[in-house]
file protein_36.txt (compact mmCIF, C-alpha atoms)
# COMPACT_ATOMS: atom_id res chain seq x y z
CA MET A 1 -25.70 101.70 33.09
CA ALA A 2 -29.47 101.54 33.34
CA MET A 3 -29.67 105.29 34.03
CA ALA A 4 -27.46 106.09 31.04
CA GLU A 5 -29.64 103.99 28.77
CA ALA A 6 -32.85 105.49 30.14
CA SER A 7 -31.62 109.06 29.58
CA ARG A 8 -30.46 108.48 26.03
CA THR A 9 -32.67 110.34 23.55
CA SER A 10 -33.78 109.43 20.07
CA GLU A 11 -31.58 110.36 17.12
CA ALA A 12 -31.97 110.27 13.34
CA ARG A 13 -29.00 109.31 11.15
CA ARG A 14 -28.59 109.13 7.39
CA ASP A 15 -26.71 106.21 5.91
CA ALA A 16 -23.91 107.09 3.45
CA VAL A 17 -24.23 103.90 1.38
CA PHE A 18 -27.96 103.28 0.92
CA GLY A 19 -29.01 106.88 1.57
CA ARG A 20 -31.65 105.81 4.12
CA TRP A 21 -32.69 107.72 7.22
CA VAL A 22 -32.79 105.63 10.39
CA ILE A 23 -34.41 106.67 13.67
CA PHE A 24 -32.69 105.30 16.78
CA SER A 25 -35.24 105.03 19.55
CA PRO A 26 -33.93 103.12 22.59
CA ALA A 27 -37.22 103.73 24.40
CA ARG A 28 -38.84 101.17 22.07
CA SER A 29 -36.82 98.29 23.47
CA ARG A 30 -35.48 96.78 26.64
CA ARG A 31 -31.74 96.89 27.30
CA PRO A 32 -29.72 96.02 24.16
CA THR A 33 -28.33 92.97 25.95
CA ASP A 34 -31.88 91.67 26.45
CA LEU A 35 -32.78 91.80 22.76
CA LYS A 36 -32.84 88.23 21.49
CA SER A 37 -34.66 86.02 19.05
CA HIS A 38 -37.87 84.52 20.50
CA GLY A 39 -36.71 81.07 19.42
CA PRO A 40 -33.75 79.49 17.59
CA ALA A 41 -34.01 79.51 13.81
CA ASN A 42 -33.50 75.74 13.72
CA PRO A 43 -34.30 74.53 17.25
CA SER A 44 -33.83 70.81 16.56
CA PRO A 45 -30.94 70.23 14.16
CA GLY A 46 -30.98 66.51 14.92
CA ASP A 47 -28.33 63.85 15.24
CA GLY A 48 -26.63 64.40 11.90
CA ALA A 49 -28.23 61.50 10.07
CA PRO A 50 -29.55 62.28 6.57
CA LYS A 51 -33.17 63.36 6.75
CA PRO A 52 -35.64 61.23 4.75
CA SER A 53 -37.18 64.33 3.18
CA CYS A 54 -34.02 66.43 2.57
CA PRO A 55 -32.63 66.29 -0.98
CA PHE A 56 -29.57 68.34 0.06
CA CYS A 57 -28.15 65.53 2.19
CA LEU A 58 -25.32 63.28 1.04
CA GLY A 59 -26.65 60.39 -1.03
CA ARG A 60 -29.77 62.27 -2.20
CA GLU A 61 -28.13 64.08 -5.11
CA SER A 62 -30.40 62.52 -7.74
CA GLU A 63 -33.41 64.24 -6.16
CA CYS A 64 -31.98 67.72 -6.76
CA ALA A 65 -32.04 69.98 -9.79
CA PRO A 66 -29.03 69.64 -12.13
CA GLU A 67 -25.59 70.18 -10.64
CA ILE A 68 -23.42 73.03 -11.95
CA PHE A 69 -20.24 72.06 -10.09
CA ARG A 70 -19.10 70.52 -6.84
CA VAL A 71 -16.11 70.87 -4.50
CA PRO A 72 -14.02 68.81 -4.80
CA ALA A 73 -14.58 67.99 -8.46
CA PRO A 74 -16.32 64.67 -9.34
CA GLU A 75 -13.06 63.03 -10.39
CA ALA A 76 -11.64 63.48 -6.89
CA SER A 77 -11.59 60.41 -4.67
CA SER A 78 -13.15 62.20 -1.69
CA PRO A 79 -16.91 62.95 -1.40
CA TRP A 80 -18.27 66.40 -2.10
CA ARG A 81 -18.18 69.15 0.52
CA ILE A 82 -20.02 71.86 -1.49
CA ARG A 83 -22.45 71.56 -4.39
CA VAL A 84 -23.72 74.36 -6.62
CA ILE A 85 -26.97 73.37 -8.30
CA GLU A 86 -29.81 74.94 -10.23
CA ASN A 87 -32.81 75.98 -8.13
CA LEU A 88 -35.66 73.54 -8.64
CA PHE A 89 -38.16 76.40 -8.31
CA PRO A 90 -36.36 79.36 -9.92
CA ALA A 91 -37.55 82.95 -9.72
CA LEU A 92 -36.05 83.52 -13.19
CA ARG A 93 -35.51 80.88 -15.86
CA ARG A 94 -32.22 80.17 -17.62
CA ASP A 95 -34.09 78.48 -20.49
CA ALA A 96 -36.08 81.65 -21.32
CA GLU A 97 -34.99 83.76 -24.26
CA PRO A 98 -32.65 86.51 -23.03
CA PRO A 99 -33.78 90.03 -23.87
CA ALA A 100 -31.86 91.37 -26.86
CA PRO A 101 -29.71 94.43 -26.10
CA GLU A 102 -31.70 96.52 -28.54
CA GLU A 103 -35.02 95.20 -27.22
CA GLY A 104 -34.97 97.13 -23.96
CA GLU A 105 -37.91 97.28 -21.62
CA LYS A 106 -41.37 96.81 -23.09
CA PRO A 107 -43.83 99.55 -22.05
CA VAL A 108 -47.10 98.13 -20.71
CA GLY A 109 -48.64 101.28 -19.27
CA ALA A 110 -47.95 104.76 -18.04
CA GLY A 111 -44.42 104.42 -16.71
CA GLU A 112 -44.65 100.65 -16.45
CA CYS A 113 -42.53 98.17 -18.39
CA ALA A 114 -41.70 94.48 -18.61
CA VAL A 115 -38.96 92.15 -19.89
CA ARG A 116 -38.96 88.38 -20.29
CA GLY A 117 -38.29 86.40 -17.12
CA PHE A 118 -34.80 85.32 -18.13
CA GLY A 119 -32.11 84.87 -15.53
CA PHE A 120 -30.28 82.41 -13.31
CA HIS A 121 -31.28 81.14 -9.88
CA ASP A 122 -28.77 78.82 -8.22
CA VAL A 123 -28.35 77.14 -4.84
CA VAL A 124 -25.08 76.59 -2.97
CA ILE A 125 -25.31 73.58 -0.63
CA GLU A 126 -22.70 74.48 1.96
CA THR A 127 -22.23 71.05 3.56
CA PRO A 128 -23.35 67.45 2.97
CA ARG A 129 -24.31 67.10 6.65
CA HIS A 130 -27.84 68.09 7.61
CA GLU A 131 -27.10 69.29 11.14
CA VAL A 132 -24.05 71.44 10.32
CA ARG A 133 -24.54 75.20 10.10
CA LEU A 134 -22.21 77.43 8.13
CA TRP A 135 -20.44 78.74 11.25
CA ASP A 136 -19.94 75.15 12.49
CA LEU A 137 -17.44 74.70 9.66
CA ASP A 138 -13.84 75.72 10.27
CA ALA A 139 -12.56 78.96 8.79
CA GLU A 140 -11.19 77.14 5.73
CA GLY A 141 -14.56 75.50 5.14
CA VAL A 142 -16.37 78.85 5.25
CA GLY A 143 -13.73 80.24 2.90
CA ASP A 144 -14.39 77.40 0.46
CA VAL A 145 -18.10 78.32 0.41
CA LEU A 146 -17.15 81.93 -0.36
CA LEU A 147 -14.85 80.74 -3.14
CA ALA A 148 -17.74 78.74 -4.60
CA TYR A 149 -19.81 81.95 -4.63
CA ALA A 150 -17.02 83.82 -6.40
CA ARG A 151 -16.50 81.05 -8.97
CA ARG A 152 -20.18 80.92 -9.89
CA VAL A 153 -20.53 84.72 -10.02
CA GLN A 154 -17.55 84.82 -12.38
CA GLN A 155 -19.25 82.26 -14.62
CA LEU A 156 -22.48 84.29 -14.68
CA ALA A 157 -20.55 87.51 -15.37
CA GLU A 158 -19.48 86.02 -18.68
CA HIS A 159 -23.10 85.80 -19.89
CA PRO A 160 -23.78 88.95 -21.93
CA ALA A 161 -27.40 89.26 -20.74
CA VAL A 162 -26.62 89.08 -17.00
CA LYS A 163 -26.19 92.54 -15.51
CA TYR A 164 -26.06 91.77 -11.79
CA VAL A 165 -25.79 88.79 -9.43
CA GLN A 166 -27.17 88.91 -5.90
CA VAL A 167 -25.62 86.39 -3.52
CA PHE A 168 -27.66 85.84 -0.36
CA LYS A 169 -28.29 83.44 2.52
CA ASN A 170 -31.58 82.99 4.37
CA HIS A 171 -31.27 81.22 7.74
CA GLY A 172 -34.51 80.22 9.42
CA ALA A 173 -38.07 80.03 8.10
CA SER A 174 -38.97 83.58 9.14
CA ALA A 175 -35.92 84.82 7.19
CA GLY A 176 -37.15 83.11 4.03
CA ALA A 177 -35.43 79.71 4.19
CA SER A 178 -37.61 76.90 2.85
CA MET A 179 -35.00 74.23 3.66
CA ALA A 180 -33.34 73.70 7.05
CA HIS A 181 -30.18 72.21 5.46
CA SER A 182 -27.52 74.93 5.35
CA HIS A 183 -27.45 76.59 1.93
CA SER A 184 -27.17 79.92 0.14
CA GLN A 185 -28.54 81.22 -3.14
CA MET A 186 -27.74 83.60 -5.96
CA ILE A 187 -29.88 85.19 -8.64
CA GLY A 188 -28.47 86.65 -11.84
CA THR A 189 -30.74 89.30 -13.38
CA PRO A 190 -30.92 90.84 -16.89
CA PHE A 191 -31.23 94.28 -15.27
CA VAL A 192 -29.56 96.21 -12.46
CA PRO A 193 -31.96 96.16 -9.48
CA PRO A 194 -33.16 99.61 -8.35
CA SER A 195 -31.69 99.28 -4.85
CA VAL A 196 -28.27 98.64 -6.44
CA THR A 197 -28.64 101.73 -8.63
CA SER A 198 -29.68 103.74 -5.57
CA ARG A 199 -26.65 102.46 -3.61
CA LEU A 200 -24.27 103.43 -6.40
CA ASN A 201 -25.85 106.87 -6.77
CA CYS A 202 -25.53 107.51 -3.04
CA MET A 203 -21.88 106.43 -2.98
CA LYS A 204 -21.21 108.57 -6.05
CA GLU A 205 -22.72 111.58 -4.29
CA VAL A 206 -20.40 111.07 -1.30
CA PHE A 207 -17.39 110.63 -3.58
CA GLU A 208 -18.12 113.77 -5.59
CA ARG A 209 -18.55 115.79 -2.40
CA SER A 210 -15.59 114.44 -0.42
CA GLY A 211 -13.31 112.73 -2.93
CA GLU A 212 -13.45 109.59 -0.78
CA CYS A 213 -15.15 106.21 -1.02
CA SER A 214 -17.91 105.78 1.57
CA LEU A 215 -16.45 102.51 2.84
CA CYS A 216 -12.68 102.93 2.57
CA GLU A 217 -12.31 104.74 5.87
CA ILE A 218 -14.12 103.68 9.03
CA GLN A 219 -13.44 106.69 11.25
CA SER A 220 -15.14 105.67 14.49
CA LYS A 221 -13.72 102.85 16.60
CA ASP A 222 -17.00 102.83 18.51
CA ILE A 223 -18.75 100.92 15.71
CA LEU A 224 -15.89 98.49 15.06
CA VAL A 225 -16.50 94.91 16.20
CA SER A 226 -13.43 93.13 14.84
CA LYS A 227 -10.83 93.42 12.12
CA THR A 228 -8.28 91.30 10.34
CA HIS A 229 -5.47 92.21 7.97
CA ASN A 230 -7.89 92.48 5.06
CA PHE A 231 -11.38 93.10 6.51
CA SER A 232 -13.27 95.12 9.12
CA ALA A 233 -16.53 94.03 10.78
CA ILE A 234 -18.67 96.93 11.95
CA VAL A 235 -22.15 97.80 13.10
CA PRO A 236 -22.80 100.59 10.56
CA PHE A 237 -23.26 104.17 11.80
CA ALA A 238 -26.88 104.20 10.58
CA ALA A 239 -27.76 100.51 10.90
CA SER A 240 -31.31 99.93 9.73
CA TYR A 241 -31.75 96.85 11.92
CA PRO A 242 -30.69 95.95 15.49
CA PHE A 243 -27.32 94.19 15.52
CA GLU A 244 -26.94 94.54 11.75
CA THR A 245 -23.28 94.06 10.84
CA TRP A 246 -21.17 94.70 7.74
CA ILE A 247 -17.91 93.02 6.74
CA ILE A 248 -15.94 95.39 4.52
CA PRO A 249 -12.65 94.95 2.61
CA ARG A 250 -10.09 97.33 4.09
CA GLN A 251 -8.58 97.88 0.65
CA HIS A 252 -10.80 99.38 -2.04
CA SER A 253 -12.43 96.65 -4.12
CA SER A 254 -15.52 96.89 -6.32
CA TYR A 255 -16.18 93.24 -7.21
CA PHE A 256 -16.59 90.42 -4.71
CA HIS A 257 -15.86 87.74 -7.31
CA GLU A 258 -12.31 89.07 -7.79
CA ILE A 259 -11.35 87.99 -4.25
CA ASP A 260 -8.15 85.92 -4.02
CA GLN A 261 -7.24 82.89 -1.89
CA ASP A 262 -5.47 84.86 0.86
CA LYS A 263 -8.33 87.30 1.29
CA VAL A 264 -11.02 84.62 1.14
CA SER A 265 -9.36 82.74 4.00
CA ASP A 266 -9.36 85.95 6.03
CA LEU A 267 -12.99 86.63 5.14
CA GLY A 268 -14.03 83.07 6.00
CA SER A 269 -12.50 83.41 9.45
CA LEU A 270 -14.17 86.76 10.15
CA LEU A 271 -17.58 85.75 8.76
CA ARG A 272 -17.52 82.59 10.90
CA SER A 273 -16.63 84.64 13.99
CA MET A 274 -19.40 87.19 13.38
CA LEU A 275 -22.06 84.52 12.83
CA GLN A 276 -20.96 82.78 16.02
CA LYS A 277 -21.18 86.05 17.97
CA LEU A 278 -24.68 86.78 16.68
CA CYS A 279 -25.80 83.21 17.37
CA LYS A 280 -24.46 83.31 20.93
CA GLN A 281 -25.76 86.76 21.81
CA LEU A 282 -29.14 86.60 20.07
CA ASN A 283 -30.17 82.95 20.64
CA ASP A 284 -29.49 81.63 17.11
CA PRO A 285 -31.74 84.18 15.39
CA PRO A 286 -33.12 83.88 11.88
CA PHE A 287 -30.95 86.07 9.67
CA ASN A 288 -30.18 87.08 6.12
CA TYR A 289 -26.86 88.00 4.66
CA MET A 290 -26.28 89.61 1.31
CA ILE A 291 -23.14 90.38 -0.68
CA HIS A 292 -23.42 93.85 -2.19
CA SER A 293 -21.11 94.04 -5.20
CA ALA A 294 -20.90 96.22 -8.31
CA PRO A 295 -22.94 95.59 -11.46
CA PHE A 296 -20.96 94.08 -14.31
CA GLY A 297 -19.40 96.32 -16.94
CA LEU A 298 -19.06 99.53 -14.93
CA SER A 299 -16.74 102.18 -16.28
CA SER A 300 -13.41 102.72 -14.54
CA SER A 301 -14.60 106.09 -13.20
CA CYS A 302 -17.51 104.38 -11.41
CA LEU A 303 -15.20 101.83 -9.82
CA LEU A 304 -13.58 104.63 -7.80
CA TYR A 305 -16.59 104.83 -5.48
CA THR A 306 -18.09 101.32 -5.63
CA HIS A 307 -16.93 99.09 -2.79
CA TRP A 308 -18.35 95.63 -2.11
CA PHE A 309 -19.34 94.44 1.36
CA LEU A 310 -21.25 91.66 3.11
CA GLN A 311 -24.30 92.69 5.17
CA ILE A 312 -25.70 90.47 7.96
CA VAL A 313 -29.22 91.25 9.21
CA PRO A 314 -30.58 89.32 12.21
CA GLN A 315 -34.37 89.13 12.11
CA LEU A 316 -35.26 90.57 15.52
CA SER A 317 -38.02 93.01 14.63
CA VAL A 318 -40.91 93.31 12.21
CA THR A 319 -41.01 95.85 9.39
CA GLY A 320 -44.17 97.89 9.91
CA GLY A 321 -46.26 100.44 8.06
CA PHE A 322 -44.00 103.38 8.90
CA GLU A 323 -40.96 101.66 7.36
CA MET A 324 -42.92 100.51 4.30
CA GLY A 325 -44.52 103.88 3.76
CA SER A 326 -41.59 106.18 4.46
CA GLY A 327 -38.53 104.12 3.56
CA CYS A 328 -37.13 105.09 6.99
CA TYR A 329 -36.33 102.49 9.62
CA ILE A 330 -36.67 102.52 13.42
CA ASN A 331 -33.86 100.78 15.28
CA PRO A 332 -34.13 100.36 19.07
CA VAL A 333 -30.38 99.73 19.51
CA PHE A 334 -27.70 102.35 18.91
CA PRO A 335 -24.87 100.94 16.73
CA GLU A 336 -22.24 101.86 19.31
CA ASP A 337 -24.07 99.78 21.95
CA ALA A 338 -24.50 96.80 19.61
CA ALA A 339 -20.83 96.94 18.58
CA LYS A 340 -19.67 97.02 22.20
CA ILE A 341 -21.80 93.98 23.07
CA LEU A 342 -20.51 92.02 20.06
CA ARG A 343 -16.89 93.01 20.73
CA GLU A 344 -17.08 91.54 24.22
CA ILE A 345 -18.46 88.14 23.17
CA ASP A 346 -15.82 85.43 23.35
CA CYS A 347 -16.46 82.67 20.82
CA SER A 348 -13.26 80.74 21.49
CA ILE A 349 -13.76 77.07 22.28

call {"tool": "encode", "arguments": {"input": "protein_36.txt", "output": "structure tokens"}}
result
Amino acid sequence: MAMAEASRTSEARRDAVFGRWVIFSPARSRRPTDLKSHGPANPSPGDGAPKPSCPFCLGRESECAPEIFRVPAPEASSPWRIRVIENLFPALRRDAEPPAPEEGEKPVGAGECAVRGFGFHDVVIETPRHEVRLWDLDAEGVGDVLLAYARRVQQLAEHPAVKYVQVFKNHGASAGASMAHSHSQMIGTPFVPPSVTSRLNCMKEVFERSGECSLCEIQSKDILVSKTHNFSAIVPFAASYPFETWIIPRQHSSYFHEIDQDKVSDLGSLLRSMLQKLCKQLNDPPFNYMIHSAPFGLSSSCLLYTHWFLQIVPQLSVTGGFEMGSGCYINPVFPEDAAKILREIDCSI
């Protein structure tokens, strides 16, 4: 095995969804099985008691920004399991005046423009218990968090000025989490972010050339980690990051927020399993996950090639000057090797 790894040469691959070139250079790392986080994202979760300084814990609700909804609803006799609240320090403000459709972008220089900082920035508190991580919940509990995402995205989709909603989770300080208590976020923007436009353009290019959606058919079993009736978990063919994984609906679907109860239960089970595998293999690494969906109001012809998916990125390496300058990434672990390692991890208890 060591000889095979040592003789493997570098290879460049182009991603068919983001359009990025990735250089796979196994010489820049030790064995793939040795690649781990230098320290757990949350090394001391504690004994489960509410933390004196954590406003996300049960009983500290009055210290948070206004609540949007909770699960179960307030009239239920049982305490809340999930709360969706406004972000106390929002990147965009819901009380700002939305840009008028005819207003457009305001030029401020040669090729530069600006719009008012209107938008929505919400937080999803995934559990009332401080020490519980998302993958510590059962599959139904993870599914309920996903349903809360979908419900809030649907609400934001009804606002005429919101063009896109990015759902994301930061786990660990180095991945951008400012609170240790398990939570996710979403930001609704009055514009379609450029990376989303680039993703759609790349998928359109593939569709026009082949007549197929980039994500409907996963041809290689070598990059498959796990699958259920409704979803596949893969290490993408041109993964930008070591042990990056995608969870993809097996049936063509453009909008995450249209997910139904049966599929969300399936997704909750697979997401939980993948997070457990990454935690076990990589020493509870800091990570980010993002749900890549379609912008609101796309034409039916565009929906033929837009396909939502959930991307998980463990933070195992640092983005350097080459990546920033070129837009290309260097990954020390071939996707086929990462997928094989993750396939073989048994997370059963």

call {"tool": "axis_aligned_box", "arguments": {"input": "protein_36.txt", "around": "range 242-255 of chain A", "padding_each_side": "5 Å", "output": "AutoDock Vina command-line options"}}
result
--center_x -19.6 --center_y 96.2 --center_z 4.2 --size_x 32.1 --size_y 16.4 --size_z 32.7

call {"tool": "atom_distance", "arguments": {"input": "protein_36.txt", "atom1": "CA of Glu140 in chain A", "atom2": "CA of Ser254 in chain A"}}
result
23.5 Å

call {"tool": "residues_near_point", "arguments": {"input": "protein_36.txt", "point": "(-25.1, 76.9, 12.0)", "cutoff": "9 Å", "atoms": "all atoms listed in the file", "output": "list of chain:residue names"}}
result
A:Asn42, A:Glu131, A:Val132, A:Arg133, A:Leu134, A:Trp135, A:Asp136, A:Leu137, A:His171, A:Ser182, A:Leu275, A:Gln276, A:Cys279, A:Asp284

call {"tool": "closest_residue", "arguments": {"input": "protein_36.txt", "among": "A:Arg152, A:Lys204, A:Lys340, A:Lys51", "to": "Thr306 in chain A", "atoms": "only C-alpha atoms"}}
result
A:Lys204

call {"tool": "residues_around", "arguments": {"input": "protein_36.txt", "residues": "Ile291 in chain A", "least_positions_apart": "5", "cutoff": "8 Å", "atoms": "all atoms listed in the file", "output": "MDAnalysis selection string"}}
result
chainID A and resid 166:168 256 308:311

call {"tool": "residues_around", "arguments": {"input": "protein_36.txt", "residues": "Val17 in chain A", "least_positions_apart": "5", "cutoff": "8 Å", "atoms": "all atoms listed in the file", "output": "JSON, numbers by chain"}}
result
{"A": [199, 200, 202, 203, 214]}

call {"tool": "residues_around", "arguments": {"input": "protein_36.txt", "residues": "Val225 in chain A", "least_positions_apart": "2", "cutoff": "10 Å", "atoms": "only C-alpha atoms", "output": "PyMOL selection string"}}
result
chain A and resi 221-223+227+232-235+245-247+274+336+338-345

call {"tool": "closest_residue", "arguments": {"input": "protein_36.txt", "among": "A:Lys163, A:Arg60, A:Arg151, A:Arg272", "to": "Pro99 in chain A", "atoms": "all atoms listed in the file"}}
result
A:Lys163

call {"tool": "closest_residue", "arguments": {"input": "protein_36.txt", "among": "A:Ser174, A:Gln251, A:Gln281, A:Asn230", "to": "Cys347 in chain A", "atoms": "all atoms listed in the file"}}
result
A:Gln281

call {"tool": "residues_around", "arguments": {"input": "protein_36.txt", "residues": "His307 in chain A", "least_positions_apart": "4", "cutoff": "8 Å", "atoms": "all atoms listed in the file", "output": "ChimeraX atom specification"}}
result
/A:213,215-216,252-255,293-294,303

call {"tool": "atom_distance", "arguments": {"input": "protein_36.txt", "atom1": "CA of Pro242 in chain A", "atom2": "CA of Arg20 in chain A"}}
result
15.1 Å

call {"tool": "atom_distance", "arguments": {"input": "protein_36.txt", "atom1": "CA of His257 in chain A", "atom2": "CA of Ser178 in chain A"}}
result
26.3 Å

call {"tool": "closest_residue", "arguments": {"input": "protein_36.txt", "among": "A:Ala76, A:Ala65, A:Met179, A:Ile82", "to": "Thr127 in chain A", "atoms": "all atoms listed in the file"}}
result
A:Ile82

call {"tool": "residues_around", "arguments": {"input": "protein_36.txt", "residues": "Asn288 in chain A", "least_positions_apart": "4", "cutoff": "9 Å", "atoms": "all atoms listed in the file", "output": "short mmCIF file (atom, residue, chain, number, x, y, z; two decimals) with C-alpha atoms, keeping the file's coordinate frame"}}
result
data_model
loop_
_atom_site.label_atom_id
_atom_site.label_comp_id
_atom_site.auth_asym_id
_atom_site.auth_seq_id
_atom_site.Cartn_x
_atom_site.Cartn_y
_atom_site.Cartn_z
CA PHE A 168 -27.66 85.84 -0.36
CA LYS A 169 -28.29 83.44 2.52
CA ASN A 170 -31.58 82.99 4.37
CA HIS A 171 -31.27 81.22 7.74
CA GLY A 172 -34.51 80.22 9.42
CA ALA A 175 -35.92 84.82 7.19
CA GLY A 176 -37.15 83.11 4.03
CA GLN A 311 -24.30 92.69 5.17
CA ILE A 312 -25.70 90.47 7.96
CA VAL A 313 -29.22 91.25 9.21
CA PRO A 314 -30.58 89.32 12.21
CA GLN A 315 -34.37 89.13 12.11
#

call {"tool": "closest_residue", "arguments": {"input": "protein_36.txt", "among": "A:Thr228, A:Asn87, A:Ser198, A:Ser299", "to": "Glu63 in chain A", "atoms": "all atoms listed in the file"}}
result
A:Asn87

call {"tool": "closest_residue", "arguments": {"input": "protein_36.txt", "among": "A:Gly211, A:Glu258, A:Val264, A:Pro190", "to": "Phe231 in chain A", "atoms": "all atoms listed in the file"}}
result
A:Val264
